[in-house]
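K.L.:
Coordinates in my_file05.cif, mmCIF, C-alpha atoms, are listed below.
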data_coords
loop_
_atom_site.label_atom_id
_atom_site.label_comp_id
_atom_site.auth_asym_id
_atom_site.auth_seq_id
_atom_site.Cartn_x
_atom_site.Cartn_y
_atom_site.Cartn_z
CA MET A 1 -14.15 19.03 -66.65
CA ALA A 2 -14.43 16.55 -63.74
CA ARG A 3 -11.26 14.82 -62.68
CA LYS A 4 -11.20 11.11 -63.35
CA PRO A 5 -11.04 9.11 -60.05
CA ARG A 6 -7.76 7.35 -59.35
CA THR A 7 -7.61 3.62 -59.42
CA LYS A 8 -6.49 1.80 -56.28
CA ALA A 9 -3.07 1.12 -57.82
CA GLU A 10 -2.65 4.81 -58.65
CA THR A 11 -3.76 5.80 -55.15
CA LEU A 12 -1.22 3.42 -53.59
CA ALA A 13 1.57 4.78 -55.75
CA TRP A 14 0.59 8.33 -54.85
CA LEU A 15 0.45 7.52 -51.11
CA ARG A 16 3.92 5.98 -51.22
CA THR A 17 5.19 9.11 -52.95
CA ILE A 18 3.88 11.50 -50.27
CA ALA A 19 4.63 9.26 -47.26
CA GLY A 20 7.74 11.25 -46.34
CA GLU A 21 5.83 14.52 -46.71
CA LEU A 22 3.07 13.24 -44.42
CA SER A 23 5.61 12.27 -41.76
CA SER A 24 7.25 15.71 -41.84
CA GLN A 25 3.90 17.49 -41.63
CA THR A 26 2.84 15.26 -38.74
CA LEU A 27 5.95 16.06 -36.71
CA LYS A 28 5.48 19.78 -37.33
CA ARG A 29 1.81 19.58 -36.32
CA LEU A 30 2.79 17.73 -33.14
CA GLU A 31 5.21 20.52 -32.16
CA ASP A 32 2.60 23.20 -32.88
CA THR A 33 -0.41 21.63 -31.14
CA LEU A 34 0.84 19.34 -28.35
CA PRO A 35 2.84 21.14 -25.61
CA TRP A 36 3.89 17.86 -23.95
CA TYR A 37 5.60 16.78 -27.16
CA GLY A 38 7.87 19.84 -27.21
CA ASP A 39 8.79 19.32 -23.56
CA MET A 40 10.03 15.77 -24.13
CA PRO A 41 13.75 14.96 -24.43
CA PRO A 42 15.05 14.66 -28.01
CA SER A 43 15.35 10.88 -27.81
CA ARG A 44 11.71 10.47 -26.84
CA ARG A 45 10.53 12.98 -29.44
CA SER A 46 12.36 10.87 -31.97
CA ALA A 47 10.63 7.75 -30.67
CA VAL A 48 7.23 9.44 -30.94
CA GLY A 49 8.11 10.45 -34.50
CA LEU A 50 8.95 6.83 -35.32
CA VAL A 51 5.54 5.77 -34.06
CA ALA A 52 3.84 8.38 -36.27
CA GLN A 53 5.90 7.32 -39.31
CA ALA A 54 5.16 3.68 -38.61
CA GLY A 55 1.46 4.51 -38.47
CA ILE A 56 1.54 6.16 -41.89
CA SER A 57 3.56 3.34 -43.46
CA SER A 58 1.30 0.77 -41.83
CA PHE A 59 -1.79 2.52 -43.21
CA ILE A 60 -0.43 2.36 -46.75
CA SER A 61 0.28 -1.37 -46.39
CA TRP A 62 -3.13 -1.92 -44.83
CA PHE A 63 -4.86 0.02 -47.59
CA ASP A 64 -3.17 -2.25 -50.13
CA ASP A 65 -4.83 -5.36 -48.69
CA PRO A 66 -6.66 -5.05 -45.33
CA ARG A 67 -7.55 -8.78 -45.27
CA SER A 68 -3.96 -10.01 -45.58
CA THR A 69 -2.74 -7.99 -42.54
CA PRO A 70 -5.73 -7.67 -40.20
CA TRP A 71 -3.60 -6.88 -37.13
CA ILE A 72 -1.13 -4.53 -38.77
CA ALA A 73 -2.47 -1.66 -36.63
CA ALA A 74 -1.06 -3.29 -33.50
CA ASP A 75 2.37 -3.48 -35.13
CA VAL A 76 2.59 0.32 -35.14
CA PHE A 77 3.51 0.36 -31.45
CA GLY A 78 6.30 -2.14 -32.00
CA ALA A 79 8.45 0.83 -33.06
CA ALA A 80 8.05 2.39 -29.61
CA PRO A 81 10.71 1.59 -27.03
CA ARG A 82 9.46 0.13 -23.73
CA GLU A 83 10.29 3.25 -21.74
CA LEU A 84 8.15 5.35 -24.11
CA LEU A 85 5.03 3.38 -23.15
CA ARG A 86 5.77 4.17 -19.50
CA SER A 87 6.32 7.90 -20.09
CA VAL A 88 3.50 8.62 -22.57
CA SER A 89 -0.02 8.25 -21.21
CA LEU A 90 -2.95 6.72 -23.07
CA GLN A 91 -4.51 10.18 -23.41
CA GLN A 92 -1.32 11.52 -25.03
CA THR A 93 -1.20 8.52 -27.37
CA LEU A 94 -4.77 9.19 -28.52
CA GLN A 95 -3.83 12.84 -29.11
CA LEU A 96 -0.91 11.63 -31.22
CA ILE A 97 -3.24 9.40 -33.25
CA ARG A 98 -5.74 12.23 -33.75
CA VAL A 99 -3.07 14.65 -35.02
CA THR A 100 -1.66 12.03 -37.40
CA VAL A 101 -5.10 11.20 -38.80
CA GLU A 102 -5.93 14.90 -39.23
CA VAL A 103 -2.72 15.50 -41.20
CA VAL A 104 -3.40 12.52 -43.47
CA GLU A 105 -7.04 13.54 -44.00
CA ASP A 106 -6.09 17.11 -44.90
CA ARG A 107 -3.43 15.95 -47.36
CA VAL A 108 -5.46 13.26 -49.12
CA ASN A 109 -8.73 15.18 -49.10
CA ASP A 110 -9.01 14.81 -52.87
CA GLY A 111 -8.18 11.12 -52.89
CA GLY A 112 -11.76 9.99 -53.21
CA GLU A 113 -14.43 8.54 -50.94
CA PRO A 114 -12.85 5.03 -50.66
CA LEU A 115 -9.62 6.53 -49.33
CA ARG A 116 -11.44 8.65 -46.74
CA GLU A 117 -13.43 5.64 -45.55
CA ALA A 118 -10.21 3.65 -45.30
CA ILE A 119 -8.65 6.38 -43.14
CA LEU A 120 -11.64 6.37 -40.78
CA LEU A 121 -11.60 2.59 -40.48
CA TYR A 122 -7.85 2.46 -39.96
CA SER A 123 -7.91 5.22 -37.32
CA ARG A 124 -10.47 3.16 -35.41
CA GLU A 125 -8.21 0.11 -35.59
CA ILE A 126 -5.25 2.19 -34.36
CA ALA A 127 -7.27 3.58 -31.42
CA PHE A 128 -8.36 0.11 -30.36
CA ALA A 129 -4.79 -1.14 -30.76
CA ALA A 130 -3.51 1.66 -28.50
CA ALA A 131 -6.11 0.85 -25.86
CA ASP A 132 -5.15 -2.84 -26.04
CA VAL A 133 -1.44 -2.06 -25.65
CA TYR A 134 -2.02 0.09 -22.58
CA ALA A 135 -4.52 -2.35 -21.10
CA ARG A 136 -2.01 -5.18 -21.39
CA ALA A 137 0.70 -2.99 -19.87
CA ALA A 138 -1.59 -2.02 -16.98
CA GLU A 139 -2.54 -5.66 -16.42
CA ALA A 140 1.09 -6.74 -16.40
CA ARG A 141 1.96 -3.89 -14.07
CA GLY A 142 -0.89 -4.85 -11.74
CA LEU A 143 0.19 -8.50 -11.61
CA TRP A 144 3.80 -7.47 -11.02
CA ASP A 145 2.76 -5.06 -8.25
CA ALA A 146 0.63 -7.76 -6.62
CA ARG A 147 3.52 -10.24 -6.62
CA LEU A 148 5.95 -7.63 -5.33
CA GLU A 149 3.50 -6.53 -2.62
CA ALA A 150 3.01 -10.15 -1.53
CA LEU A 151 6.79 -10.56 -1.36
CA VAL A 152 7.18 -7.42 0.79
CA VAL A 153 4.40 -8.46 3.17
CA ASP A 154 5.88 -11.96 3.47
CA SER A 155 9.25 -10.43 4.31
CA ILE A 156 7.66 -8.23 6.98
CA LEU A 157 5.77 -11.12 8.55
CA SER A 158 8.78 -13.42 8.64
CA GLY A 159 11.23 -10.71 9.67
CA GLU A 160 13.68 -12.06 7.09
CA TYR A 161 14.58 -9.44 4.54
CA ASP A 162 17.67 -7.99 2.91
CA ASP A 163 18.89 -4.53 1.94
CA GLU A 164 16.62 -4.53 -1.11
CA LEU A 165 13.44 -4.16 0.96
CA PRO A 166 13.44 -0.30 0.90
CA SER A 167 13.80 -0.28 -2.89
CA ARG A 168 10.97 -2.80 -3.26
CA ILE A 169 8.78 -0.67 -1.03
CA ALA A 170 9.60 2.41 -3.12
CA ALA A 171 8.75 0.51 -6.31
CA LEU A 172 5.26 -0.13 -4.93
CA GLY A 173 4.67 3.61 -4.59
CA TRP A 174 4.40 3.54 -0.80
CA HIS A 175 3.18 6.94 0.42
CA GLY A 176 3.40 6.19 4.12
CA HIS A 177 5.76 8.06 6.40
CA GLY A 178 6.69 7.81 10.04
CA GLU A 179 5.11 5.21 12.31
CA VAL A 180 3.70 1.92 11.05
CA ALA A 181 1.41 -0.70 12.60
CA VAL A 182 0.26 -4.12 11.38
CA LEU A 183 -3.38 -5.22 11.50
CA VAL A 184 -4.20 -8.95 11.31
CA GLY A 185 -7.64 -10.51 10.94
CA THR A 186 -9.63 -13.10 9.04
CA ALA A 187 -9.75 -12.73 5.26
CA PRO A 188 -13.26 -12.23 3.80
CA LYS A 189 -14.66 -14.59 1.19
CA GLN A 190 -14.26 -11.90 -1.46
CA LEU A 191 -11.62 -9.25 -0.88
CA ASP A 192 -11.96 -5.96 -2.74
CA VAL A 193 -8.38 -4.68 -2.59
CA ASP A 194 -9.17 -1.40 -4.35
CA HIS A 195 -11.98 -0.70 -1.88
CA VAL A 196 -9.59 -1.20 1.04
CA ARG A 197 -7.04 1.16 -0.50
CA ARG A 198 -9.67 3.84 -1.14
CA ALA A 199 -10.87 3.59 2.44
CA ALA A 200 -7.28 3.96 3.69
CA ARG A 201 -6.60 6.96 1.45
CA HIS A 202 -9.76 8.60 2.75
CA MET A 203 -8.19 8.44 6.24
CA GLN A 204 -4.83 9.80 4.99
CA ALA A 205 -3.23 6.38 5.30
CA ASP A 206 -1.50 3.92 3.00
CA VAL A 207 -1.64 0.14 3.24
CA LEU A 208 0.24 -2.91 2.05
CA ILE A 209 -2.12 -5.86 1.70
CA GLY A 210 -1.25 -9.53 2.08
CA VAL A 211 -3.37 -12.68 2.30
CA GLN A 212 -1.80 -15.50 4.29
CA GLY A 213 -4.13 -18.47 3.99
CA ASN A 214 -7.27 -17.42 5.86
CA ARG A 215 -5.57 -14.36 7.35
CA LEU A 216 -5.69 -10.85 5.97
CA VAL A 217 -2.71 -8.68 6.89
CA LEU A 218 -2.62 -4.90 6.48
CA VAL A 219 0.56 -2.91 7.01
CA ILE A 220 -0.69 0.59 7.80
CA GLY A 221 1.21 3.86 7.56
CA ARG A 222 0.05 7.45 7.65
CA SER A 223 0.42 9.44 4.44
CA ASP A 224 0.01 13.09 3.45
CA SER A 225 -2.97 13.90 1.26
CA LEU A 226 -2.11 14.58 -2.36
CA GLY A 227 -2.07 18.20 -3.27
CA ARG A 228 -2.11 19.54 0.28
CA ASP A 229 0.27 22.42 0.76
CA ALA A 230 1.81 23.66 3.97
CA ASP A 231 -0.90 26.25 4.63
CA GLU A 232 -3.68 23.69 4.27
CA SER A 233 -1.94 21.19 6.54
CA VAL A 234 -1.82 23.74 9.38
CA GLY A 235 -5.61 23.88 9.70
CA ALA A 236 -6.16 20.20 8.88
CA PRO A 237 -7.72 17.89 11.48
CA PRO A 238 -5.27 15.83 13.56
CA ALA A 239 -4.15 12.51 12.15
CA LEU A 240 -6.13 9.47 13.19
CA THR A 241 -4.57 7.01 15.59
CA PHE A 242 -3.83 3.53 14.30
CA MET A 243 -6.65 2.13 16.44
CA GLU A 244 -9.08 4.61 14.84
CA ILE A 245 -7.85 3.62 11.38
CA ALA A 246 -8.18 -0.07 12.27
CA THR A 247 -11.72 0.49 13.53
CA GLN A 248 -12.79 2.06 10.24
CA LEU A 249 -11.10 -0.73 8.24
CA GLU A 250 -12.82 -3.41 10.34
CA PRO A 251 -15.74 -3.99 7.90
CA HIS A 252 -13.28 -5.13 5.20
CA PHE A 253 -12.27 -8.18 7.27
CA GLY A 254 -14.11 -11.46 7.67
CA GLN A 255 -15.72 -12.78 10.84
CA GLY A 256 -13.41 -13.38 13.78
CA HIS A 257 -10.88 -11.54 15.85
CA LEU A 258 -8.96 -8.49 14.64
CA VAL A 259 -5.63 -7.63 16.28
CA LEU A 260 -3.54 -4.46 15.89
CA GLY A 261 0.19 -4.60 16.58
CA HIS A 262 2.05 -1.81 18.35
CA GLU A 263 3.49 1.18 16.52
CA VAL A 264 7.04 1.00 15.17
CA PRO A 265 9.15 3.91 13.87
CA ASN A 266 9.17 2.95 10.18
CA LEU A 267 8.21 0.32 7.65
CA VAL A 268 11.52 -1.51 7.85
CA ASP A 269 10.78 -2.29 11.53
CA ALA A 270 7.22 -3.42 10.80
CA SER A 271 8.16 -7.06 11.47
CA LYS A 272 8.08 -6.30 15.22
CA SER A 273 4.52 -5.05 15.02
CA ALA A 274 3.62 -7.99 12.77
CA LYS A 275 4.97 -10.54 15.27
CA ALA A 276 2.92 -9.00 18.07
CA ALA A 277 -0.23 -8.89 15.93
CA LEU A 278 0.18 -12.50 14.76
CA ALA A 279 0.82 -13.73 18.29
CA GLY A 280 -2.23 -11.84 19.54
CA PHE A 281 -4.38 -13.17 16.70
CA ALA A 282 -3.39 -16.74 17.62
CA VAL A 283 -4.63 -16.38 21.24
CA ALA A 284 -7.41 -13.78 20.89
CA ARG A 285 -10.09 -16.46 21.29
CA SER A 286 -8.90 -16.93 24.90
CA TRP A 287 -10.41 -13.55 25.81
CA ARG A 288 -14.16 -14.11 25.77
CA HIS A 289 -15.16 -10.48 25.30
CA ALA A 290 -12.19 -9.22 23.32
CA PRO A 291 -13.12 -6.04 21.40
CA ARG A 292 -12.80 -5.87 17.63
CA PRO A 293 -10.24 -4.60 16.90
CA VAL A 294 -8.11 -5.30 19.95
CA HIS A 295 -4.60 -4.07 20.62
CA ALA A 296 -1.95 -6.79 20.76
CA ASP A 297 -0.63 -5.38 24.06
CA ASP A 298 -4.04 -6.01 25.64
CA LEU A 299 -3.42 -9.72 25.00
CA LEU A 300 -0.03 -9.82 26.73
CA PRO A 301 -1.08 -12.40 29.39
CA GLU A 302 -2.49 -14.83 26.81
CA ARG A 303 0.51 -14.35 24.54
CA ALA A 304 2.92 -14.95 27.45
CA LEU A 305 1.09 -18.14 28.45
CA ALA A 306 1.35 -19.32 24.84
CA GLY A 307 5.13 -18.88 25.00
CA ASP A 308 5.50 -15.62 23.10
CA PRO A 309 8.96 -14.30 24.11
CA LEU A 310 8.09 -10.80 22.91
CA ALA A 311 5.09 -10.65 25.26
CA ARG A 312 7.16 -11.90 28.21
CA ALA A 313 9.85 -9.32 27.52
CA THR A 314 7.22 -6.58 27.17
CA LEU A 315 5.63 -7.44 30.50
CA VAL A 316 8.98 -7.45 32.27
CA HIS A 317 10.52 -4.35 30.69
CA ARG A 318 7.42 -2.15 30.52
CA ILE A 319 5.81 -3.04 33.86
CA TYR A 320 7.94 -5.02 36.28
CA ARG A 321 11.33 -3.36 35.78
CA PRO A 322 10.05 0.25 35.85
CA LEU A 323 8.17 -0.38 39.10
CA GLN A 324 11.14 -2.18 40.59
CA ALA A 325 13.46 0.65 39.65
CA HIS A 326 11.07 3.39 40.76
CA SER A 327 10.03 2.10 44.18
CA THR A 328 9.88 -1.26 45.89
CA GLU A 329 7.06 0.22 47.95
CA LEU A 330 4.88 0.58 44.85
CA LEU A 331 5.79 -2.93 43.72
CA THR A 332 4.90 -4.41 47.11
CA THR A 333 1.61 -2.50 47.24
CA LEU A 334 0.63 -3.74 43.80
CA TRP A 335 1.51 -7.33 44.77
CA SER A 336 -0.61 -7.10 47.89
CA TYR A 337 -3.52 -5.41 46.15
CA LEU A 338 -3.72 -8.08 43.46
CA ASP A 339 -3.22 -10.97 45.90
CA ASN A 340 -6.05 -9.65 48.07
CA GLY A 341 -8.59 -9.63 45.26
CA ARG A 342 -8.21 -5.89 44.59
CA SER A 343 -9.52 -4.98 48.02
CA LEU A 344 -8.29 -1.65 49.38
CA GLU A 345 -9.15 -2.55 52.98
CA ALA A 346 -7.47 -5.97 52.91
CA THR A 347 -4.36 -4.45 51.33
CA ALA A 348 -4.26 -1.67 53.92
CA ARG A 349 -4.48 -4.20 56.77
CA GLU A 350 -1.65 -6.29 55.32
CA LEU A 351 0.62 -3.29 54.84
CA PHE A 352 -0.47 -1.50 58.08
CA VAL A 353 -1.41 1.67 56.19
CA HIS A 354 -4.59 3.64 55.59
CA PRO A 355 -6.77 2.66 52.55
CA ASN A 356 -6.25 6.15 51.15
CA THR A 357 -2.51 5.45 51.16
CA VAL A 358 -3.13 2.30 49.12
CA ARG A 359 -5.32 4.28 46.74
CA TYR A 360 -2.59 6.93 46.35
CA ARG A 361 0.09 4.33 45.67
CA LEU A 362 -2.06 2.63 43.04
CA LYS A 363 -2.46 5.96 41.31
CA ARG A 364 1.32 6.35 41.38
CA VAL A 365 1.62 2.88 39.82
CA SER A 366 -0.68 4.00 37.00
CA ASP A 367 1.40 7.15 36.50
CA VAL A 368 4.63 5.16 36.26
CA ILE A 369 3.60 2.34 33.91
CA GLY A 370 0.36 3.54 32.30
CA TRP A 371 -1.81 0.61 33.45
CA ASP A 372 -4.59 0.96 36.03
CA ALA A 373 -4.68 -1.88 38.56
CA THR A 374 -8.31 -1.13 39.50
CA GLY A 375 -9.57 -2.41 36.13
CA ALA A 376 -10.21 -6.13 35.80
CA ARG A 377 -8.43 -6.61 32.47
CA GLU A 378 -5.47 -4.41 33.32
CA ALA A 379 -5.16 -6.12 36.70
CA LEU A 380 -4.71 -9.42 34.84
CA ILE A 381 -1.95 -7.86 32.73
CA LEU A 382 -0.21 -6.50 35.83
CA GLN A 383 -0.55 -9.84 37.63
CA ALA A 384 1.10 -11.61 34.70
CA ALA A 385 3.88 -9.01 34.66
CA LEU A 386 4.61 -9.53 38.36
CA ILE A 387 4.69 -13.31 38.02
CA ILE A 388 6.94 -13.32 34.96
CA GLY A 389 9.12 -10.56 36.40
CA SER A 390 9.70 -12.45 39.64
CA MET A 391 10.50 -15.58 37.63
CA SER A 392 13.07 -13.66 35.63
CA ASP A 393 14.63 -12.43 38.90
CA HIS A 394 15.03 -15.99 40.14
CA GLU A 395 16.54 -17.02 36.79
CA GLN A 396 19.12 -14.26 37.03
CA GLN A 397 20.25 -15.08 40.59
CA PRO A 398 22.12 -18.31 39.72
CA ARG A 399 23.91 -16.46 36.92
CA ARG A 400 25.09 -13.77 39.31
CA ARG A 401 26.30 -16.37 41.81
CA SER A 402 28.19 -18.26 39.11
CA ARG A 403 29.92 -15.03 38.08
#
Could you quickly redo this structure as structure tokens?
P.N.:
Amino acid sequence: MARKPRTKAETLAWLRTIAGELSSQTLKRLEDTLPWYGDMPPSRRSAVGLVAQAGISSFISWFDDPRSTPWIAADVFGAAPRELLRSVSLQQTLQLIRVTVEVVEDRVNDGGEPLREAILLYSREIAFAAADVYARAAEARGLWDARLEALVVDSILSGEYDDELPSRIAALGWHGHGEVAVLVGTAPKQLDVDHVRRAARHMQADVLIGVQGNRLVLVIGRSDSLGRDADESVGAPPALTFMEIATQLEPHFGQGHLVLGHEVPNLVDASKSAKAALAGFAVARSWRHAPRPVHADDLLPERALAGDPLARATLVHRIYRPLQAHSTELLTTLWSYLDNGRSLEATARELFVHPNTVRYRLKRVSDVIGWDATGAREALILQAALIIGSMSDHEQQPRRRSR
């Protein structure tokens, strides 16, 4: 004899009776089928169990009157503590939903076609609710990361930051290590931040991105590739220089000059590189044929003329002082060579030496300071260093006399 179908009231009463049984079976099924559930701490397993129980209770209420509580599926995740949403991925949440639905379907298999249809419809609502919860969390996380990243870049550019900067950098998931350099250029009309990050990761680099008005600022650091072990890193190609990285990132900037600051030891000292890059970007138009990108140190004369104290100090301490300390003969030869329009013969006549002697001394100058006086652009840099260095000598003489 066929069993008489239950009425909706009878089905609701029966569901409320077996709700506790369904919860217990769900927790057991989770332990048996989902390895990540068994590896969780007891407190989080308990939280996951509360979500499953809330889902079953919510289904019973929803089955009673779906129209009166159309968004009851979203309320299921209200039982989950905030830290659970950060530790359980969307994929794991969907696995949890699938196991719960399977347990309910197996138990109420003889509940009739309306009940099975209700389970299918409710499981769809739960899946969409889970996706919505995680999408909102990801959106909030993205907005928070963008604000935090903008704050970190602003601190680097201004050079005004506190002891919390390292923790803020760590919160952003910065993968860079070792030296850092800052790249400054014109912001494009439409900036694809994700595209820039992918391009940087492809070069084993990490970037912090900031938009300052019409300027785009990238703080660049080298990073290890994910998943590379020690054996793989031995045979890996050498790391790209910052100028090579900047050259490959150049298409992501708008029209105009692109200036790379000098390397600094770590991210906390990136403000020094940022100041050099910003100062170079401000005067880059003064060099008619400036390459793109151009190193900030190649714009030292323009930066010094614009009143950049860092450029003046760099010219004095990296060019003038080393030559002065190494040999006054080299310093005098360089002065004469530049004053005579970079003519070996005219310099030799002034110094009463052979032109080959002048050529040898200029090579020694290049060995000492790293700049070649025979190049037009580098000769301008050296000329500026000699002028500013001699001015600093005259400024120091009255101080010595007063002492």
K.L.:
If the PyMOL selection byres ((chain A and resi 330) around 10) is run on the structure shown, which residues does it catch, given as a PDB file with C-alpha atoms, in the coordinates of the input?
P.N.:
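expr-v9.pdb was written with the following content:
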ATOM      1  CA  LEU A 323       8.170  -0.380  39.100  1.00  0.00           C
ATOM      2  CA  GLN A 324      11.140  -2.180  40.590  1.00  0.00           C
ATOM      3  CA  HIS A 326      11.070   3.390  40.760  1.00  0.00           C
ATOM      4  CA  SER A 327      10.030   2.100  44.180  1.00  0.00           C
ATOM      5  CA  THR A 328       9.880  -1.260  45.890  1.00  0.00           C
ATOM      6  CA  GLU A 329       7.060   0.220  47.950  1.00  0.00           C
ATOM      7  CA  LEU A 331       5.790  -2.930  43.720  1.00  0.00           C
ATOM      8  CA  THR A 332       4.900  -4.410  47.110  1.00  0.00           C
ATOM      9  CA  THR A 333       1.610  -2.500  47.240  1.00  0.00           C
ATOM     10  CA  LEU A 334       0.630  -3.740  43.800  1.00  0.00           C
ATOM     11  CA  TRP A 335       1.510  -7.330  44.770  1.00  0.00           C
ATOM     12  CA  SER A 336      -0.610  -7.100  47.890  1.00  0.00           C
ATOM     13  CA  VAL A 358      -3.130   2.300  49.120  1.00  0.00           C
ATOM     14  CA  TYR A 360      -2.590   6.930  46.350  1.00  0.00           C
ATOM     15  CA  ARG A 361       0.090   4.330  45.670  1.00  0.00           C
ATOM     16  CA  LEU A 362      -2.060   2.630  43.040  1.00  0.00           C
ATOM     17  CA  LYS A 363      -2.460   5.960  41.310  1.00  0.00           C
ATOM     18  CA  ARG A 364       1.320   6.350  41.380  1.00  0.00           C
ATOM     19  CA  VAL A 365       1.620   2.880  39.820  1.00  0.00           C
ATOM     20  CA  VAL A 368       4.630   5.160  36.260  1.00  0.00           C
TER      21      VAL A 368
END
K.L.:
Separation of atom CA of A:Glu263 and atom CA of A:Leu338, in Å?
P.N.:
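For atom CA of A:Glu263 relative to atom CA of A:Leu338, the distance reads 29.4 Å.
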K.L.:
Using all atoms listed in the file for the distances, tell me which of A:Glu378, A:Glu31, A:Asp39, A:Glu164 is nearest to A:Leu300.
P.N.:
A:Glu378
K.L.:
With a distance cut-off of 7 Å and all atoms listed in the file, select the neighbouring residues of A:Tyr122, excluding the residue or stretch itself and same-chain residues fewer than 4 positions from it, and output the selection as an mmCIF file with C-alpha atoms, in the coordinates of the input.
P.N.:
data_model
loop_
_atom_site.group_PDB
_atom_site.id
_atom_site.type_symbol
_atom_site.label_atom_id
_atom_site.label_comp_id
_atom_site.auth_asym_id
_atom_site.auth_seq_id
_atom_site.Cartn_x
_atom_site.Cartn_y
_atom_site.Cartn_z
ATOM 1 C CA PHE A 59 -1.790 2.520 -43.210
ATOM 2 C CA ALA A 118 -10.210 3.650 -45.300
ATOM 3 C CA ILE A 126 -5.250 2.190 -34.360
#
K.L.:
Separation of atom CA of A:Arg292 and atom CA of A:Leu258, in Å?
P.N.:
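The value is 5.5 Å.
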K.L.:
May I have the protein, DNA and RNA residues with an atom at most 12 Å from (4.7, 15.2, -35.1), counting all atoms listed in the file in the file's coordinates, returned as a ChimeraX atom specification?
P.N.:
/A:21-38,44-53,55-56,93,95-104
K.L.:
Taking 6 positions as the minimum chain separation for residues in the same chain, which residues sit within 7 Å of stretch 166-177 of chain A when counting all atoms listed in the file? Answer as a ChimeraX atom specification.
P.N.:
/A:145,205-206,221-223
K.L.:
Need to verify the contact set: A:Asp297, 9 Å, only C-alpha atoms, exclusion of same-chain residues closer than 3 positions in sequence. Can you return it as a PDB file with C-alpha atoms, keeping the file's coordinate frame?
P.N.:
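Result saved to result06.pdb:
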ATOM      1  CA  LEU A 260      -3.540  -4.460  15.890  1.00  0.00           C
ATOM      2  CA  GLY A 261       0.190  -4.600  16.580  1.00  0.00           C
ATOM      3  CA  HIS A 262       2.050  -1.810  18.350  1.00  0.00           C
ATOM      4  CA  ALA A 276       2.920  -9.000  18.070  1.00  0.00           C
ATOM      5  CA  ALA A 277      -0.230  -8.890  15.930  1.00  0.00           C
ATOM      6  CA  GLY A 280      -2.230 -11.840  19.540  1.00  0.00           C
ATOM      7  CA  VAL A 294      -8.110  -5.300  19.950  1.00  0.00           C
ATOM      8  CA  LEU A 300      -0.030  -9.820  26.730  1.00  0.00           C
ATOM      9  CA  PRO A 301      -1.080 -12.400  29.390  1.00  0.00           C
ATOM     10  CA  ALA A 311       5.090 -10.650  25.260  1.00  0.00           C
ATOM     11  CA  THR A 314       7.220  -6.580  27.170  1.00  0.00           C
TER      12      THR A 314
END
K.L.:
Which distance in Å separates atom CA of A:Glu149 and atom CA of A:Arg197, to one decimal?
P.N.:
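That distance, rounded to one decimal, is 13.2 Å.
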K.L.:
Which of these residues is nearest to A:Leu151, using all atoms listed in the file: A:Ala199, A:Leu121, A:Val316, A:Val211?
P.N.:
A:Val211
K.L.:
Compare A:Gln248, A:Ile220, A:Ile381, A:Phe253 by their minimum atom-to-atom distance to A:Gln190, counting only C-alpha atoms, and give me the closest one.
P.N.:
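The shortest atom-to-atom distance to A:Gln190 comes from A:Phe253.
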K.L.:
Could you tell me which of A:Val268, A:Val207, A:Val193, A:Val180 comes closest to A:Gly159 if we count all atoms listed in the file?
P.N.:
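Of all the options, A:Val268 lies closest to A:Gly159.
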K.L.:
Name the residues within 12 Å of (7.1, -11.4, 7.4), counting only C-alpha atoms in the file's coordinates, and put them as number ranges by chain.
P.N.:
A: 149-162, 165, 182, 210-212, 217-219, 267-278
K.L.:
Got a sec: who's within 8 Å of A:Gly389, counting all atoms listed in the file, leaving out chain neighbours fewer than 5 positions off, as JSON, numbers by chain?
P.N.:
{"A": [315, 316, 320, 321]}
K.L.:
Choose the residue, out of A:Leu249, A:Ala187, A:Met391, A:Leu115, that has the smallest atom-to-atom separation from A:Gly213; count all atoms listed in the file.
P.N.:
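Of the candidates, the smallest distance to A:Gly213 is held by A:Ala187.
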K.L.:
Just checking: using all atoms listed in the file, which residue out of A:Arg198, A:Leu191, A:Leu216, A:Gly185 ends up closest to A:Gly256?
P.N.:
A:Gly185
K.L.:
Can you tell me, as a list in words, what residues are no more than 10 Å from A:Ala313 when counting all atoms listed in the file, ignoring any on the same chain fewer than 4 positions away?
P.N.:
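Once the adjacent positions are removed, what remains is Leu300, Ala304, Asp308, Pro309, His317, Arg318, Ile319, Tyr320, Ala385, Ile388, Gly389 and Ser392 of chain A.
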